[in-house]
>>> print(open('my_file_39.tsv').read())   # TSV, C-alpha atoms
chain	number	residue	atom	x	y	z
A	261	MET	CA	-44.67	53.92	-11.14
A	262	GLN	CA	-45.21	52.37	-14.56
A	263	GLY	CA	-41.71	50.90	-14.46
A	264	LEU	CA	-42.61	48.80	-11.32
A	265	GLU	CA	-45.24	46.73	-13.15
A	266	PRO	CA	-44.05	43.19	-14.03
A	267	PRO	CA	-43.52	42.54	-17.73
A	268	LYS	CA	-46.48	40.94	-19.50
A	269	HIS	CA	-44.39	37.95	-20.58
A	270	SER	CA	-43.50	37.32	-16.90
A	271	ARG	CA	-47.18	37.24	-15.90
A	272	LYS	CA	-47.88	34.79	-18.71
A	273	LYS	CA	-45.12	32.48	-17.46
A	274	TRP	CA	-46.58	32.44	-13.96
A	275	LEU	CA	-50.05	31.78	-15.33
A	276	LEU	CA	-48.78	28.90	-17.44
A	277	LEU	CA	-46.90	27.49	-14.44
A	278	VAL	CA	-50.00	27.63	-12.26
A	279	LEU	CA	-52.09	25.95	-14.95
A	280	LEU	CA	-49.44	23.28	-15.41
A	281	LEU	CA	-49.32	22.54	-11.68
A	282	LEU	CA	-53.11	22.35	-11.53
A	283	GLY	CA	-53.12	19.95	-14.45
A	284	VAL	CA	-50.47	17.73	-12.90
A	285	GLY	CA	-52.29	17.76	-9.56
A	286	ALA	CA	-55.59	16.81	-11.19
A	287	ALA	CA	-53.92	13.97	-13.10
A	288	LEU	CA	-52.24	12.64	-9.95
A	289	ALA	CA	-55.47	12.86	-7.97
A	290	GLY	CA	-57.37	11.07	-10.71
A	291	GLY	CA	-54.77	8.34	-10.92
A	292	PHE	CA	-54.74	7.92	-7.15
A	293	ASN	CA	-58.53	7.61	-7.00
A	294	ALA	CA	-58.56	5.13	-9.86
A	295	ALA	CA	-55.89	2.99	-8.19
A	296	LEU	CA	-57.71	3.17	-4.86
A	297	SER	CA	-60.99	2.11	-6.47
A	298	TYR	CA	-59.30	-0.82	-8.20
A	299	THR	CA	-57.74	-2.10	-4.98
A	300	ASN	CA	-61.24	-2.13	-3.46
A	301	THR	CA	-62.60	-4.56	-6.03
A	302	THR	CA	-63.26	-8.17	-5.12
A	303	GLU	CA	-61.28	-9.21	-8.20
A	304	PHE	CA	-58.19	-7.47	-6.84
A	305	CYS	CA	-58.66	-8.72	-3.28
A	306	THR	CA	-58.97	-12.33	-4.41
A	307	SER	CA	-56.25	-12.22	-7.06
A	308	CYS	CA	-53.83	-13.80	-4.58
A	309	HIS	CA	-53.88	-17.58	-4.45
A	310	SER	CA	-54.44	-17.54	-0.68
A	311	MET	CA	-57.69	-15.59	-1.06
A	312	LYS	CA	-59.37	-18.09	-3.39
A	313	THR	CA	-60.70	-19.92	-0.34
A	314	ASN	CA	-62.39	-16.73	0.88
A	315	LEU	CA	-63.95	-16.10	-2.52
A	316	THR	CA	-65.31	-19.63	-2.87
A	317	GLU	CA	-66.92	-19.43	0.57
A	318	LEU	CA	-68.36	-15.96	-0.04
A	319	GLN	CA	-69.95	-17.05	-3.33
A	320	GLU	CA	-71.99	-19.64	-1.43
A	321	LYS	CA	-73.40	-17.10	1.03
A	322	VAL	CA	-76.31	-14.67	1.05
A	323	HIS	CA	-74.07	-11.60	0.90
A	324	TRP	CA	-72.95	-12.68	-2.58
A	325	SER	CA	-76.32	-13.66	-4.03
A	326	SER	CA	-79.81	-12.96	-2.72
A	327	ALA	CA	-83.41	-12.77	-3.91
A	328	SER	CA	-83.31	-8.96	-3.86
A	329	GLY	CA	-80.04	-8.78	-5.79
A	330	VAL	CA	-78.18	-7.08	-2.96
A	331	HIS	CA	-74.49	-7.92	-3.23
A	332	ALA	CA	-71.49	-7.30	-0.98
A	333	GLY	CA	-67.86	-7.76	-1.98
A	334	CYS	CA	-64.66	-7.85	0.04
A	335	ALA	CA	-64.30	-4.08	0.46
A	336	ASP	CA	-67.91	-3.63	1.60
A	337	CYS	CA	-67.14	-5.59	4.74
A	338	HIS	CA	-63.44	-4.98	5.26
A	339	VAL	CA	-62.59	-1.48	4.01
A	340	PRO	CA	-63.82	1.63	5.89
A	341	LYS	CA	-65.63	4.31	3.90
A	342	ALA	CA	-63.94	7.28	5.62
A	343	PHE	CA	-60.66	8.33	4.01
A	344	GLY	CA	-58.43	8.21	7.11
A	345	PRO	CA	-59.42	4.72	8.33
A	346	LYS	CA	-59.41	3.52	4.72
A	347	MET	CA	-55.80	4.62	4.22
A	348	LEU	CA	-54.78	2.98	7.50
A	349	ALA	CA	-56.43	-0.26	6.37
A	350	LYS	CA	-54.55	-0.07	3.07
A	351	ILE	CA	-51.22	0.41	4.86
A	352	MET	CA	-51.92	-2.46	7.23
A	353	ALA	CA	-52.78	-4.64	4.24
A	354	ALA	CA	-49.12	-4.65	3.23
A	355	LYS	CA	-48.67	-7.61	5.54
A	356	ASP	CA	-51.13	-9.54	3.36
A	357	VAL	CA	-48.72	-9.25	0.46
A	358	TYR	CA	-45.89	-10.40	2.73
A	359	HIS	CA	-47.75	-13.52	3.83
A	360	GLU	CA	-48.79	-14.26	0.26
A	361	ILE	CA	-45.13	-14.16	-0.82
A	362	MET	CA	-44.06	-16.23	2.20
A	363	GLY	CA	-46.77	-18.83	1.55
A	364	THR	CA	-48.18	-18.63	5.06
A	365	ILE	CA	-51.63	-19.88	4.07
A	366	ASP	CA	-51.06	-21.12	0.52
A	367	THR	CA	-52.41	-24.64	1.13
A	368	PRO	CA	-55.78	-25.77	2.56
A	369	GLU	CA	-53.97	-27.28	5.54
A	370	LYS	CA	-52.08	-24.08	6.35
A	371	TYR	CA	-55.22	-22.02	5.88
A	372	GLU	CA	-57.22	-24.14	8.31
A	373	ALA	CA	-54.38	-24.03	10.83
A	374	HIS	CA	-54.61	-20.22	10.89
A	375	ARG	CA	-58.36	-19.77	10.33
A	376	TRP	CA	-59.33	-19.41	13.99
A	377	GLY	CA	-56.72	-16.73	14.64
A	378	MET	CA	-57.50	-14.83	11.44
A	379	ALA	CA	-61.24	-14.86	12.09
A	380	ASN	CA	-60.82	-13.65	15.66
A	381	ARG	CA	-58.68	-10.72	14.57
A	382	VAL	CA	-61.41	-9.67	12.12
A	383	TRP	CA	-64.09	-10.08	14.80
A	384	ASP	CA	-62.06	-8.06	17.29
A	385	LYS	CA	-61.60	-5.30	14.74
A	386	MET	CA	-65.33	-5.19	13.99
A	387	LYS	CA	-66.15	-5.13	17.69
A	388	ALA	CA	-63.73	-2.24	18.24
A	389	THR	CA	-65.37	-0.19	15.46
A	390	ASN	CA	-68.94	-1.04	16.50
A	391	SER	CA	-69.30	-3.13	13.33
A	392	ARG	CA	-68.76	0.05	11.31
A	393	GLU	CA	-68.68	-1.61	7.89
A	394	CYS	CA	-71.70	-3.81	8.70
A	395	ARG	CA	-73.72	-0.77	9.71
A	396	SER	CA	-73.14	0.94	6.37
A	397	CYS	CA	-75.92	-1.41	5.19
A	398	HIS	CA	-77.48	-2.70	8.44
A	399	ASP	CA	-78.54	-0.29	11.16
A	400	PHE	CA	-80.78	-0.78	14.19
A	401	ALA	CA	-82.47	2.58	13.62
A	402	HIS	CA	-83.69	1.55	10.18
A	403	MET	CA	-84.78	-2.00	10.95
A	404	ASP	CA	-88.45	-2.87	10.52
A	405	LEU	CA	-88.63	-5.02	13.62
A	406	SER	CA	-92.24	-5.99	12.91
A	407	ALA	CA	-91.04	-7.85	9.81
A	408	GLN	CA	-88.58	-9.96	11.83
A	409	ASP	CA	-89.29	-13.19	13.66
A	410	ARG	CA	-89.77	-13.01	17.41
A	411	PHE	CA	-86.24	-14.14	18.28
A	412	ALA	CA	-84.52	-11.62	15.99
A	413	ARG	CA	-86.87	-8.82	17.03
A	414	LYS	CA	-86.15	-9.41	20.71
A	415	LYS	CA	-82.39	-9.45	20.13
A	416	HIS	CA	-82.34	-6.32	17.96
A	417	GLU	CA	-84.62	-4.36	20.27
A	418	LYS	CA	-82.30	-4.88	23.24
A	419	ALA	CA	-78.92	-4.78	21.46
A	420	PRO	CA	-78.41	-0.96	21.58
A	421	ASP	CA	-79.17	-0.81	25.31
A	422	ARG	CA	-76.78	-3.68	25.94
A	423	ASP	CA	-74.02	-2.00	23.92
A	424	GLU	CA	-74.03	-4.98	21.57
A	425	THR	CA	-72.98	-4.73	17.96
A	426	CYS	CA	-73.52	-6.88	14.87
A	427	ILE	CA	-70.46	-9.07	15.29
A	428	ASP	CA	-71.38	-10.04	18.85
A	429	CYS	CA	-74.06	-12.37	17.49
A	430	HIS	CA	-73.37	-12.70	13.78
A	431	LYS	CA	-70.30	-14.65	12.82
A	432	GLY	CA	-69.82	-16.95	9.88
A	433	ILE	CA	-72.32	-15.48	7.44
A	434	ALA	CA	-69.75	-14.76	4.72
A	435	HIS	CA	-67.20	-17.51	5.31
A	436	THR	CA	-66.91	-20.88	7.00
A	437	LEU	CA	-67.16	-20.54	10.76
A	438	PRO	CA	-63.95	-21.87	12.32
A	439	GLU	CA	-63.96	-24.33	15.15
A	440	GLU	CA	-62.44	-23.15	18.40
A	441	PRO	CA	-59.21	-25.03	19.22
A	442	GLN	CA	-59.50	-27.49	22.08
A	443	SER	CA	-56.64	-25.87	23.94
A	444	ALA	CA	-54.62	-22.67	23.95
A	445	GLU	CA	-51.66	-24.61	22.56
A	446	ALA	CA	-53.69	-25.64	19.54
A	447	ALA	CA	-54.57	-22.05	18.61
A	448	PRO	CA	-52.35	-20.13	16.15
A	449	ALA	CA	-50.12	-17.44	17.59
A	450	GLU	CA	-51.85	-14.15	18.37
A	451	ALA	CA	-55.29	-15.71	18.04
A	452	GLY	CA	-57.96	-13.91	20.00
A	453	THR	CA	-60.89	-15.34	21.88
A	454	THR	CA	-64.59	-15.03	21.26
A	455	GLU	CA	-67.92	-16.24	22.49
A	456	ALA	CA	-69.66	-19.15	20.86
A	457	PRO	CA	-70.97	-17.72	17.59
A	458	ALA	CA	-74.54	-17.45	16.50
A	459	THR	CA	-75.83	-18.10	13.01
A	460	GLU	CA	-75.93	-15.15	10.63
A	461	ALA	CA	-74.33	-11.82	10.31
A	462	PRO	CA	-73.09	-8.92	8.29
A	463	ALA	CA	-70.17	-10.41	6.41
A	464	THR	CA	-67.18	-11.57	8.41
A	465	GLU	CA	-64.19	-13.20	6.81
A	466	PRO	CA	-60.81	-14.46	7.85
A	467	GLN	CA	-58.40	-11.61	7.44
A	468	PRO	CA	-56.60	-11.59	4.09
A	469	ALA	CA	-53.11	-12.46	5.22
A	470	ALA	CA	-52.36	-14.83	7.95
A	471	PRO	CA	-51.14	-14.22	11.49
A	472	SER	CA	-51.23	-10.46	11.72
A	473	GLY	CA	-54.76	-9.26	11.62
A	474	SER	CA	-55.99	-6.40	9.46
A	475	GLY	CA	-57.77	-6.48	6.15
A	476	THR	CA	-58.14	-4.78	2.81
>>> encode(input="my_file_39.tsv", output="structure tokens")
Amino acid sequence: MQGLEPPKHSRKKWLLLVLLLLGVGAALAGGFNAALSYTNTTEFCTSCHSMKTNLTELQEKVHWSSASGVHAGCADCHVPKAFGPKMLAKIMAAKDVYHEIMGTIDTPEKYEAHRWGMANRVWDKMKATNSRECRSCHDFAHMDLSAQDRFARKKHEKAPDRDETCIDCHKGIAHTLPEEPQSAEAAPAEAGTTEAPATEAPATEPQPAAPSGSGT
């Protein structure tokens, strides 16, 4: 029976191989996480020329600077926290790179021509996910309604029963609110429709690349 035991040098080779694979796997995982974290930074999101407009508008809003010091960047409002939806958002963001290269919204005039369509695609996405990214910071269950004015308190009290979500009332708090085109012909291709917007809201921004409709 002693002759059936594997040689000691063979066991050492397998152990070294396992350790090597674990090391490579850890290095790849670390690199992947680092790259993922970097692509979630506002600096990365606004490194494209087309996104400078978004950054300038955001820097003038309460989600960028507030009395309490609370700050939200691009990823806080446009990138899901859960791994699966986050990866899908990253894949969909490839079209942003395409439109940046093609110069779809590389001038103020082009940007304004597409703003309504881009904004509507973001609003539709937020509506479909029950304002998922907004609710990572804002949630009806944790609101101190007594600290709100009467109008806001009334709206927030009834919103859950009405199946309303943040984006139904809050549009334009992070970026300039676009004007609805006067006719269907004036709207960019694939533009959605929406109700007349209210005043404030958990950050909404025109989607990073033009006529397609997902964000990073």
>>> atom_distance(input="my_file_39.tsv", atom1="CA of Lys350 (chain A)", atom2="CA of His338 (chain A)")
10.4 Å
>>> closest_residue(input="my_file_39.tsv", among="A:Arg410, A:His430, A:His359, A:Lys341", to="Arg392 (chain A)", atoms="all atoms listed in the file")
A:Lys341
>>> atom_distance(input="my_file_39.tsv", atom1="CA of Lys414 (chain A)", atom2="CA of Ser391 (chain A)")
19.4 Å
>>> residues_near_point(input="my_file_39.tsv", point="(-64.4, -7.9, 15.8)", cutoff="10 Å", atoms="only C-alpha atoms", output="list in words")
Ala379, Asn380, Arg381, Val382, Trp383, Asp384, Lys385, Met386, Lys387, Ala388, Thr389, Asn390, Ser391, Thr425, Cys426, Ile427, Asp428, Lys431, Gly452, Thr454 and Thr464 of chain A
>>> atom_distance(input="my_file_39.tsv", atom1="CA of Ile433 (chain A)", atom2="CA of Asp336 (chain A)")
13.9 Å
